[in-house]
Structures are given as structure tokens and as C-alpha cells.
file protein_14.tsv (TSV, C-alpha atoms)
chain	number	residue	atom	x	y	z
A	23	MET	CA	-18.03	19.48	12.16
A	24	LYS	CA	-17.28	18.44	8.61
A	25	THR	CA	-17.87	14.75	8.13
A	26	ASP	CA	-17.46	14.36	4.37
A	27	LEU	CA	-13.68	14.57	4.43
A	28	LEU	CA	-11.94	14.19	1.12
A	29	MET	CA	-10.14	10.92	0.50
A	30	ASN	CA	-8.46	9.99	-2.78
A	31	PHE	CA	-6.69	6.73	-3.38
A	32	SER	CA	-5.05	5.84	-6.66
A	33	VAL	CA	-2.58	3.22	-7.75
A	34	ASP	CA	-0.33	3.64	-10.73
A	35	LYS	CA	0.83	0.07	-11.29
A	36	GLU	CA	3.08	0.92	-14.19
A	37	ASN	CA	5.14	3.38	-12.19
A	38	LYS	CA	4.73	1.37	-8.97
A	39	ARG	CA	3.28	4.41	-7.29
A	40	VAL	CA	0.46	4.83	-4.81
A	41	ASN	CA	-1.12	8.20	-4.15
A	42	VAL	CA	-3.24	8.83	-1.07
A	43	LYS	CA	-4.77	12.23	-0.40
A	44	ARG	CA	-6.82	12.99	2.66
A	45	GLU	CA	-8.35	16.05	4.30
A	46	PHE	CA	-8.21	16.44	8.08
A	47	ASN	CA	-10.48	18.61	10.12
A	48	ALA	CA	-7.63	20.15	12.13
A	49	PRO	CA	-5.08	22.95	11.92
A	50	LEU	CA	-1.85	22.33	10.01
A	51	SER	CA	0.37	22.47	13.10
A	52	ASN	CA	-1.55	19.63	14.78
A	53	VAL	CA	-1.57	17.46	11.68
A	54	TRP	CA	2.17	18.05	11.25
A	55	SER	CA	2.77	17.04	14.89
A	56	ALA	CA	0.70	13.89	14.44
A	57	TRP	CA	2.95	12.81	11.57
A	58	THR	CA	6.30	13.85	13.01
A	59	GLU	CA	6.20	13.22	16.78
A	60	ALA	CA	6.72	9.62	17.87
A	61	ALA	CA	4.27	9.68	20.80
A	62	ILE	CA	1.39	10.89	18.61
A	63	LEU	CA	2.38	8.81	15.57
A	64	ASP	CA	2.17	5.64	17.69
A	65	LEU	CA	-1.44	6.49	18.56
A	66	TRP	CA	-2.72	6.10	15.01
A	67	TRP	CA	-0.12	4.64	12.62
A	68	ALA	CA	-1.01	0.98	13.14
A	69	PRO	CA	-4.53	-0.07	12.16
A	70	ALA	CA	-6.17	-1.59	15.27
A	71	PRO	CA	-5.75	-4.17	16.72
A	72	LEU	CA	-2.13	-3.76	15.68
A	73	LYS	CA	-0.05	-1.37	17.73
A	74	SER	CA	2.76	0.88	16.64
A	75	GLU	CA	5.70	1.18	19.04
A	76	THR	CA	8.54	3.54	18.26
A	77	LYS	CA	11.84	2.38	19.71
A	78	SER	CA	13.79	5.45	18.62
A	79	MET	CA	13.05	8.47	16.47
A	80	GLU	CA	15.09	11.43	15.41
A	81	PHE	CA	13.00	13.64	13.17
A	82	LYS	CA	15.64	15.54	11.22
A	83	GLU	CA	17.29	15.18	7.83
A	84	GLY	CA	19.53	12.11	8.07
A	85	GLY	CA	17.62	10.99	11.19
A	86	ARG	CA	15.79	7.70	11.64
A	87	ARG	CA	12.67	6.23	13.18
A	88	LEU	CA	12.86	2.58	14.24
A	89	TYR	CA	9.49	1.12	15.13
A	90	ALA	CA	7.50	-2.09	15.29
A	91	MET	CA	4.00	-3.04	14.34
A	92	ILE	CA	2.85	-5.38	17.08
A	93	GLY	CA	0.05	-7.84	16.50
A	94	PRO	CA	-2.52	-8.97	19.07
A	95	GLU	CA	-0.56	-12.23	19.53
A	96	GLY	CA	2.68	-10.30	20.03
A	97	ALA	CA	4.12	-10.78	16.52
A	98	GLN	CA	6.47	-7.94	15.65
A	99	GLY	CA	7.21	-6.41	12.27
A	100	TRP	CA	10.06	-3.90	12.38
A	101	SER	CA	10.69	-1.03	9.99
A	102	THR	CA	12.89	2.01	9.71
A	103	PHE	CA	12.05	5.42	8.29
A	104	ASP	CA	15.14	7.27	7.09
A	105	TYR	CA	14.29	10.95	6.76
A	106	THR	CA	15.90	12.39	3.65
A	107	SER	CA	14.30	15.83	3.47
A	108	ILE	CA	12.25	18.02	5.81
A	109	SER	CA	10.56	21.38	5.10
A	110	PRO	CA	8.76	22.20	8.37
A	111	LYS	CA	4.96	22.15	8.13
A	112	THR	CA	5.14	21.73	4.35
A	113	ASN	CA	6.74	18.45	3.33
A	114	PHE	CA	8.96	15.60	4.43
A	115	LYS	CA	10.43	12.63	2.62
A	116	TYR	CA	11.68	9.32	3.90
A	117	THR	CA	12.70	5.85	2.87
A	118	SER	CA	10.86	3.01	4.58
A	119	THR	CA	12.55	-0.39	4.93
A	120	PHE	CA	11.67	-3.65	6.69
A	121	CYS	CA	14.31	-4.60	9.22
A	122	ASP	CA	15.04	-6.50	12.44
A	123	ALA	CA	14.70	-5.14	15.98
A	124	GLU	CA	18.15	-3.56	15.67
A	125	GLY	CA	17.31	-1.78	12.41
A	126	ASN	CA	19.34	-4.06	10.14
A	127	PRO	CA	17.50	-4.02	6.80
A	128	ASN	CA	15.74	-7.12	5.51
A	129	SER	CA	17.34	-7.38	2.11
A	130	ALA	CA	14.57	-9.62	0.77
A	131	PHE	CA	12.36	-6.58	0.22
A	132	GLY	CA	13.05	-3.30	-1.45
A	133	SER	CA	12.45	0.03	0.21
A	134	SER	CA	9.53	2.33	-0.41
A	135	PHE	CA	9.99	6.04	-0.86
A	136	TRP	CA	7.50	8.36	0.81
A	137	ASP	CA	6.79	11.97	-0.06
A	138	VAL	CA	4.30	13.59	2.31
A	139	SER	CA	2.97	17.12	1.68
A	140	PHE	CA	0.80	19.31	3.91
A	141	THR	CA	-1.44	22.19	2.81
A	142	GLU	CA	-3.76	24.31	4.93
A	143	GLN	CA	-7.18	24.85	3.40
A	144	GLY	CA	-9.49	27.00	5.47
A	145	ASP	CA	-10.02	25.17	8.77
A	146	SER	CA	-8.74	21.89	7.45
A	147	THR	CA	-5.44	20.43	6.30
A	148	ILE	CA	-4.80	18.35	3.20
A	149	VAL	CA	-2.17	15.62	3.38
A	150	ASP	CA	-0.92	14.31	0.06
A	151	ILE	CA	1.13	11.12	0.18
A	152	VAL	CA	3.04	9.65	-2.73
A	153	ILE	CA	4.61	6.24	-2.17
A	154	THR	CA	6.99	4.90	-4.78
A	155	ARG	CA	8.67	1.53	-4.58
A	156	ASP	CA	10.99	-0.87	-6.31
A	157	SER	CA	8.36	-3.60	-6.32
A	158	PHE	CA	4.86	-4.34	-5.14
A	159	GLU	CA	6.07	-7.38	-3.22
A	160	GLU	CA	6.60	-5.25	-0.17
A	161	LEU	CA	2.97	-4.22	-0.12
A	162	GLU	CA	1.96	-7.85	-0.43
A	163	LYS	CA	4.25	-8.67	2.45
A	164	ILE	CA	2.57	-6.02	4.60
A	165	ILE	CA	-0.77	-7.68	3.99
A	166	GLU	CA	0.66	-11.12	4.68
A	167	MET	CA	2.22	-9.93	7.90
A	168	GLY	CA	-1.16	-9.60	9.44
A	169	PHE	CA	-2.79	-6.41	8.33
A	170	LYS	CA	-5.44	-8.40	6.60
A	171	GLN	CA	-6.02	-10.47	9.70
A	172	GLY	CA	-5.80	-7.39	11.89
A	173	PHE	CA	-8.32	-5.56	9.82
A	174	THR	CA	-10.74	-8.47	9.77
A	175	SER	CA	-10.61	-8.92	13.52
A	176	ALA	CA	-11.07	-5.18	13.99
A	177	MET	CA	-14.23	-5.40	11.93
A	178	GLU	CA	-15.39	-8.39	13.95
A	179	GLY	CA	-14.79	-6.37	17.11
A	180	LEU	CA	-16.92	-3.58	15.73
A	181	ASP	CA	-19.66	-5.99	14.77
A	182	LYS	CA	-19.65	-7.30	18.34
A	183	ILE	CA	-20.00	-3.81	19.79
A	184	LEU	CA	-22.85	-3.05	17.42
A	185	VAL	CA	-24.62	-6.29	18.35
A	186	GLU	CA	-24.26	-5.56	22.07
A	187	LYS	CA	-25.89	-2.17	21.56
B	80	MET	CA	8.38	-20.92	-10.14
B	81	LYS	CA	5.84	-18.73	-8.40
B	82	ARG	CA	5.85	-15.12	-9.52
B	83	ASP	CA	4.54	-11.90	-8.10
B	84	ILE	CA	1.27	-11.19	-9.90
B	85	PHE	CA	2.31	-7.57	-10.26
B	86	GLN	CA	5.13	-8.65	-12.54
B	87	ALA	CA	2.44	-9.62	-15.01
B	88	VAL	CA	1.00	-6.13	-15.27
B	89	ALA	CA	4.32	-4.31	-14.97
B	90	ASP	CA	5.12	-4.62	-18.68
B	91	PRO	CA	3.17	-2.88	-21.49
B	92	THR	CA	3.37	-5.88	-23.87
B	93	ARG	CA	2.06	-8.22	-21.18
B	94	ARG	CA	-0.78	-5.84	-20.39
B	95	ALA	CA	-1.66	-5.81	-24.10
B	96	ILE	CA	-1.57	-9.62	-24.18
B	97	LEU	CA	-3.89	-9.76	-21.17
B	98	VAL	CA	-6.34	-7.49	-22.97
B	99	LEU	CA	-6.15	-9.61	-26.13
B	100	ILE	CA	-6.84	-12.89	-24.37
B	101	SER	CA	-9.50	-11.49	-22.04
B	102	SER	CA	-12.15	-11.70	-24.79
B	103	SER	CA	-11.08	-14.79	-26.72
B	104	ALA	CA	-8.70	-17.73	-26.54
B	105	LEU	CA	-5.71	-17.30	-28.84
B	106	THR	CA	-2.78	-19.43	-29.98
B	107	PRO	CA	0.75	-18.15	-29.29
B	108	ASN	CA	1.11	-17.46	-33.02
B	109	ALA	CA	-2.08	-15.42	-33.16
B	110	ILE	CA	-0.88	-13.42	-30.15
B	111	ALA	CA	2.56	-12.88	-31.68
B	112	GLU	CA	1.01	-11.57	-34.91
B	113	GLN	CA	-0.41	-8.63	-32.95
B	114	PHE	CA	3.03	-7.39	-31.94
B	115	GLN	CA	6.01	-6.09	-33.80
B	116	THR	CA	8.43	-7.92	-31.56
B	117	THR	CA	9.86	-11.37	-32.25
B	118	ARG	CA	7.93	-14.55	-31.53
B	119	GLN	CA	10.56	-15.48	-28.98
B	120	ALA	CA	9.90	-12.24	-27.10
B	121	VAL	CA	6.17	-12.91	-27.10
B	122	SER	CA	6.75	-16.52	-25.97
B	123	LYS	CA	8.77	-15.20	-23.07
B	124	HIS	CA	5.91	-12.89	-22.02
B	125	ILE	CA	3.46	-15.80	-22.28
B	126	LYS	CA	5.76	-17.90	-20.12
B	127	ILE	CA	5.84	-15.17	-17.44
B	128	LEU	CA	2.05	-14.78	-17.54
B	129	ASN	CA	1.75	-18.54	-17.19
B	130	GLU	CA	4.06	-18.51	-14.17
B	131	CYS	CA	1.84	-15.82	-12.65
B	132	ASP	CA	-0.99	-18.32	-13.04
B	133	LEU	CA	-2.98	-15.92	-15.19
B	134	LEU	CA	-3.45	-18.17	-18.21
B	135	GLU	CA	-5.96	-20.87	-18.91
B	136	GLU	CA	-4.54	-23.41	-21.36
B	137	LYS	CA	-6.74	-25.29	-23.79
B	138	LYS	CA	-5.55	-27.85	-26.30
B	139	LEU	CA	-7.45	-28.13	-29.57
B	140	GLY	CA	-5.82	-30.59	-31.94
B	141	ARG	CA	-2.15	-29.70	-32.11
B	142	GLU	CA	-2.69	-26.08	-31.12
B	143	ILE	CA	-2.59	-24.58	-27.63
B	144	TYR	CA	-4.98	-21.74	-26.92
B	145	TYR	CA	-4.55	-19.26	-24.09
B	146	GLN	CA	-7.29	-17.42	-22.29
B	147	LEU	CA	-7.18	-15.06	-19.32
B	148	LYS	CA	-8.13	-16.36	-15.89
B	149	ILE	CA	-10.43	-13.50	-14.96
B	150	ASP	CA	-10.58	-14.50	-11.29
B	151	LYS	CA	-6.85	-14.02	-10.96
B	152	MET	CA	-7.07	-10.46	-12.21
B	153	LYS	CA	-9.79	-9.80	-9.66
B	154	GLU	CA	-7.34	-10.84	-6.95
B	155	ILE	CA	-5.27	-7.76	-7.73
B	156	ASP	CA	-8.29	-5.52	-7.26
B	157	GLN	CA	-9.29	-7.22	-4.03
B	158	TRP	CA	-5.81	-6.88	-2.71
B	159	LEU	CA	-5.71	-3.16	-3.56
B	160	GLU	CA	-9.08	-2.78	-1.85
B	161	GLN	CA	-7.55	-4.23	1.33
B	162	PHE	CA	-4.72	-1.73	1.08
B	163	LYS	CA	-7.19	1.12	0.67
B	164	LYS	CA	-9.11	-0.04	3.74
B	165	ILE	CA	-5.93	0.01	5.81
B	166	TRP	CA	-5.49	3.67	4.93
B	167	GLU	CA	-9.12	4.47	5.70
B	168	GLN	CA	-8.77	2.88	9.11
B	169	ARG	CA	-5.46	4.56	9.81
B	170	PHE	CA	-6.94	7.94	8.89
B	171	SER	CA	-10.05	7.56	11.00
B	172	GLN	CA	-7.71	6.82	13.92
B	173	LEU	CA	-5.79	9.97	13.05
B	174	ASP	CA	-9.06	11.95	12.97
B	175	GLN	CA	-9.66	10.85	16.55
B	176	VAL	CA	-6.11	11.76	17.62
B	177	LEU	CA	-6.49	15.22	16.06
B	178	LEU	CA	-9.82	15.69	17.79
B	179	ASN	CA	-8.19	14.85	21.13
B	180	LEU	CA	-5.34	17.29	20.42
B	181	LYS	CA	-7.89	20.02	19.74
B	182	SER	CA	-9.85	19.45	22.94
B	183	LYS	CA	-6.60	19.39	24.93
B	184	GLU	CA	-5.72	22.79	23.46
B	185	ASN	CA	-9.12	24.14	24.45
B	186	GLU	CA	-8.58	23.04	28.07
B	187	ASN	CA	-5.33	24.99	28.30
call {"tool": "encode", "arguments": {"input": "protein_14.tsv", "output": "C-alpha cells"}}
result
Amino acid sequence: MKTDLLMNFSVDKENKRVNVKREFNAPLSNVWSAWTEAAILDLWWAPAPLKSETKSMEFKEGGRRLYAMIGPEGAQGWSTFDYTSISPKTNFKYTSTFCDAEGNPNSAFGSSFWDVSFTEQGDSTIVDIVITRDSFEELEKIIEMGFKQGFTSAMEGLDKILVEK
Amino acid sequence: MKRDIFQAVADPTRRAILVLISSSALTPNAIAEQFQTTRQAVSKHIKILNECDLLEEKKLGREIYYQLKIDKMKEIDQWLEQFKKIWEQRFSQLDQVLLNLKSKENEN
């Protein structure tokens, strides 16, 4: 199995754009499912120990996903994805917005605009993500909302496992 | 007023000012001389950079000198590093999910 999977991460501050490109050692149809089916998306979208819970999802143009990131202490951060364009197994675009549990947008933060492309390359699949936003504040907010904490405690958990072994 | 640090780097003139004052302390006049815009415009940029807490102020006689707080700029990099790590973690979780999907397919 290939272990040196490609990962590119670049930030264009001037254009408020983030580009993330990653290779996955799996066929295109599986990678597409993992990004577009709620049950699978919830398995990986939230970095542990956070959990992703989709309340509703309609993957179609004009459809919406409403989901929460749930912290280990039960704190909830809600967001919506509004799907604006879908080309099956090739590309989809959506607008991501912070909101409340009912999907009412939090007007304090702008939306981010996601453009996700899929390409098959031999036995693997390349996913190319471009995120554009009105401001970087939203990204800062994500960190503040506990990702940082979540990530640190995940690392501590790993350390513990390594020590026990 | 507390400003988003990214506002500081969002403007080309402010980025140029940050570069100028990263190597030496300069007075507002000396900074303004480097640009073709008005002094008022440059003063406004300096004010914003100050509100982002990126400037170190030194008084020498009657002149104020500005220098870049290097540590503050590093904060941006550290923060981006955190963001990158989130993606790495997310993707390694996705690798595992895809692996499970594959083995499920093989069972069927």
C-alpha cells in the first residue's frame, strides 16, 4: 500500500483563499461517497475527539446539510452546507455558514465557499479543495471553538497510548 | 479597538510597510516617503497596523519610530500551522474510512 500520499496545503492571504490537495489510496467512487453521504462524512469530518453529527442532508443542487461539531464536553458548533453545483464524481461546490441548531445563519461571520474536485489517478484519487472566504475571521473562530483544544487532547491521547505500549 | 491580524496583511501597502519596518525602525515620515500615496493614507495604514498590535513604538526626542513586532507575525504562521494539522488529521481519518469501505467491498 502506498504510504507517501500527496498532500499540498497553501494559503493565499491576499485573495483569502486556501488550497488543500490530497491523494487517497482508494477508487474514485468510494472517495466521492465519503464526501457526499452523510453517514460516511460523519465518520471522518470532525478531527477527533470532536464528532460530526449530521441532522439533515440533501445532497443535490439547492440542497442543504445541517450538522454539528460536538466537543468532548458536549459543546456544539452548528454549520450548514448549501450545495450550489454538483457534477457527479467530478466536482461539487457549496457555501458553508455557521448557524444555530435550526440552521439560522450566524450573521457575525461570513460564509466560506468550497470548490471540491475529484480526479482518478491510477489506483488512487486526488481531491483538490479550494476554499474562498469573505474574511479570515471565520477560520480563527473555528480554532477558537475548540479545534485547537480538540487537536491537543487528541495528541495527548496518542501520547498516552504510545506510553502504555 | 482590537483588529483581526489578517486585516494587517490584507492590503498591499500595509504588507510593504511591514517589510520596511521589519529591518529597521522608521518614523512615519520616512515610511510615507517610500510611497506615492498621501501622508494621511500612510498614517491610516500605520494606525491599522498599530491596532493589530504589530508595531513597536519607540520615542527618540520628538520623533516616534515604528518597528515590526516579529513575534506577532509568527502568530499568523503558527495559526496556519494549526489549520494545516486539522486537515492532516481529518484526512488520516478519511484514509481509515476508505480502507474500511474497501475491505467491506471485498467481503461482499
call {"tool": "axis_aligned_box", "arguments": {"input": "protein_14.tsv", "around": "segment 59-73 of chain A", "padding_each_side": "3 Å", "output": "AutoDock Vina command-line options"}}
result
--center_x 0.3 --center_y 4.5 --center_z 16.5 --size_x 18.9 --size_y 23.4 --size_z 14.6
call {"tool": "atom_distance", "arguments": {"input": "protein_14.tsv", "atom1": "atom CA of Ser109 of chain A", "atom2": "atom CA of Asn128 of chain A"}}
result
29.0 Å
call {"tool": "atom_distance", "arguments": {"input": "protein_14.tsv", "atom1": "atom CA of Ile92 of chain A", "atom2": "atom CA of Ala123 of chain A"}}
result
11.9 Å
call {"tool": "atom_distance", "arguments": {"input": "protein_14.tsv", "atom1": "atom CA of Gln168 of chain B", "atom2": "atom CA of Trp67 of chain A"}}
result
9.5 Å
call {"tool": "closest_residue", "arguments": {"input": "protein_14.tsv", "among": "B:Trp166, B:Ala87, B:Leu177, B:Ile149", "to": "Val40 of chain A", "atoms": "only C-alpha atoms"}}
result
B:Trp166
call {"tool": "closest_residue", "arguments": {"input": "protein_14.tsv", "among": "B:Met152, B:Ala111, B:Ala104, B:Val121", "to": "Lys137 of chain B", "atoms": "only C-alpha atoms"}}
result
B:Ala104
call {"tool": "residues_around", "arguments": {"input": "protein_14.tsv", "residues": "Thr117 of chain A", "least_positions_apart": "5", "cutoff": "10 Å", "atoms": "only C-alpha atoms", "output": "PDB file with C-alpha atoms, in the coordinates of the input"}}
result
ATOM      1  CA  ARG A  86      15.790   7.700  11.640  1.00  0.00           C
ATOM      2  CA  THR A 102      12.890   2.010   9.710  1.00  0.00           C
ATOM      3  CA  PHE A 103      12.050   5.420   8.290  1.00  0.00           C
ATOM      4  CA  ASP A 104      15.140   7.270   7.090  1.00  0.00           C
ATOM      5  CA  TYR A 105      14.290  10.950   6.760  1.00  0.00           C
ATOM      6  CA  THR A 106      15.900  12.390   3.650  1.00  0.00           C
ATOM      7  CA  SER A 133      12.450   0.030   0.210  1.00  0.00           C
ATOM      8  CA  SER A 134       9.530   2.330  -0.410  1.00  0.00           C
ATOM      9  CA  PHE A 135       9.990   6.040  -0.860  1.00  0.00           C
ATOM     10  CA  TRP A 136       7.500   8.360   0.810  1.00  0.00           C
ATOM     11  CA  ASP A 137       6.790  11.970  -0.060  1.00  0.00           C
ATOM     12  CA  ILE A 153       4.610   6.240  -2.170  1.00  0.00           C
ATOM     13  CA  THR A 154       6.990   4.900  -4.780  1.00  0.00           C
ATOM     14  CA  ARG A 155       8.670   1.530  -4.580  1.00  0.00           C
TER      15      ARG A 155
END
call {"tool": "interface_residues", "arguments": {"input": "protein_14.tsv", "of": "chain B", "to": "chain A", "cutoff": "8 Å", "atoms": "only C-alpha atoms", "output": "list in words"}}
result
Asp83, Phe85, Val88, Ala89, Asp90, Gln161, Phe162, Lys163, Ile165, Gln168, Arg169, Phe170, Gln172, Leu173, Asp174, Val176, Leu177, Leu178, Leu180 and Lys181 of chain B
call {"tool": "write_last_selection", "arguments": {"input": "protein_14.tsv", "atoms": "C-alpha atoms", "output": "PDB file, in the coordinates of the input"}}
result
ATOM      1  CA  ASP B  83       4.540 -11.900  -8.100  1.00  0.00           C
ATOM      2  CA  PHE B  85       2.310  -7.570 -10.260  1.00  0.00           C
ATOM      3  CA  VAL B  88       1.000  -6.130 -15.270  1.00  0.00           C
ATOM      4  CA  ALA B  89       4.320  -4.310 -14.970  1.00  0.00           C
ATOM      5  CA  ASP B  90       5.120  -4.620 -18.680  1.00  0.00           C
ATOM      6  CA  GLN B 161      -7.550  -4.230   1.330  1.00  0.00           C
ATOM      7  CA  PHE B 162      -4.720  -1.730   1.080  1.00  0.00           C
ATOM      8  CA  LYS B 163      -7.190   1.120   0.670  1.00  0.00           C
ATOM      9  CA  ILE B 165      -5.930   0.010   5.810  1.00  0.00           C
ATOM     10  CA  GLN B 168      -8.770   2.880   9.110  1.00  0.00           C
ATOM     11  CA  ARG B 169      -5.460   4.560   9.810  1.00  0.00           C
ATOM     12  CA  PHE B 170      -6.940   7.940   8.890  1.00  0.00           C
ATOM     13  CA  GLN B 172      -7.710   6.820  13.920  1.00  0.00           C
ATOM     14  CA  LEU B 173      -5.790   9.970  13.050  1.00  0.00           C
ATOM     15  CA  ASP B 174      -9.060  11.950  12.970  1.00  0.00           C
ATOM     16  CA  VAL B 176      -6.110  11.760  17.620  1.00  0.00           C
ATOM     17  CA  LEU B 177      -6.490  15.220  16.060  1.00  0.00           C
ATOM     18  CA  LEU B 178      -9.820  15.690  17.790  1.00  0.00           C
ATOM     19  CA  LEU B 180      -5.340  17.290  20.420  1.00  0.00           C
ATOM     20  CA  LYS B 181      -7.890  20.020  19.740  1.00  0.00           C
TER      21      LYS B 181
END
call {"tool": "residues_around", "arguments": {"input": "protein_14.tsv", "residues": "Glu112 of chain B", "least_positions_apart": "6", "cutoff": "12 Å", "atoms": "all atoms listed in the file", "output": "PyMOL selection string"}}
result
chain B and resi 96+99+105-106+118-122
call {"tool": "residues_around", "arguments": {"input": "protein_14.tsv", "residues": "Gly96 of chain A", "least_positions_apart": "4", "cutoff": "10 Å", "atoms": "all atoms listed in the file", "output": "number ranges by chain"}}
result
A: 72-73, 91-92
call {"tool": "residues_around", "arguments": {"input": "protein_14.tsv", "residues": "Ile143 of chain B", "least_positions_apart": "3", "cutoff": "12 Å", "atoms": "only C-alpha atoms", "output": "NGL selection string"}}
result
:B and (104-110 or 125 or 134-140 or 146)
call {"tool": "residues_around", "arguments": {"input": "protein_14.tsv", "residues": "Ala90 of chain A", "least_positions_apart": "2", "cutoff": "8 Å", "atoms": "only C-alpha atoms", "output": "list in words"}}
result
Lys73, Ser74, Glu75, Thr76, Lys77, Leu88, Ile92, Gln98, Gly99, Trp100, Ser101 and Ala123 of chain A
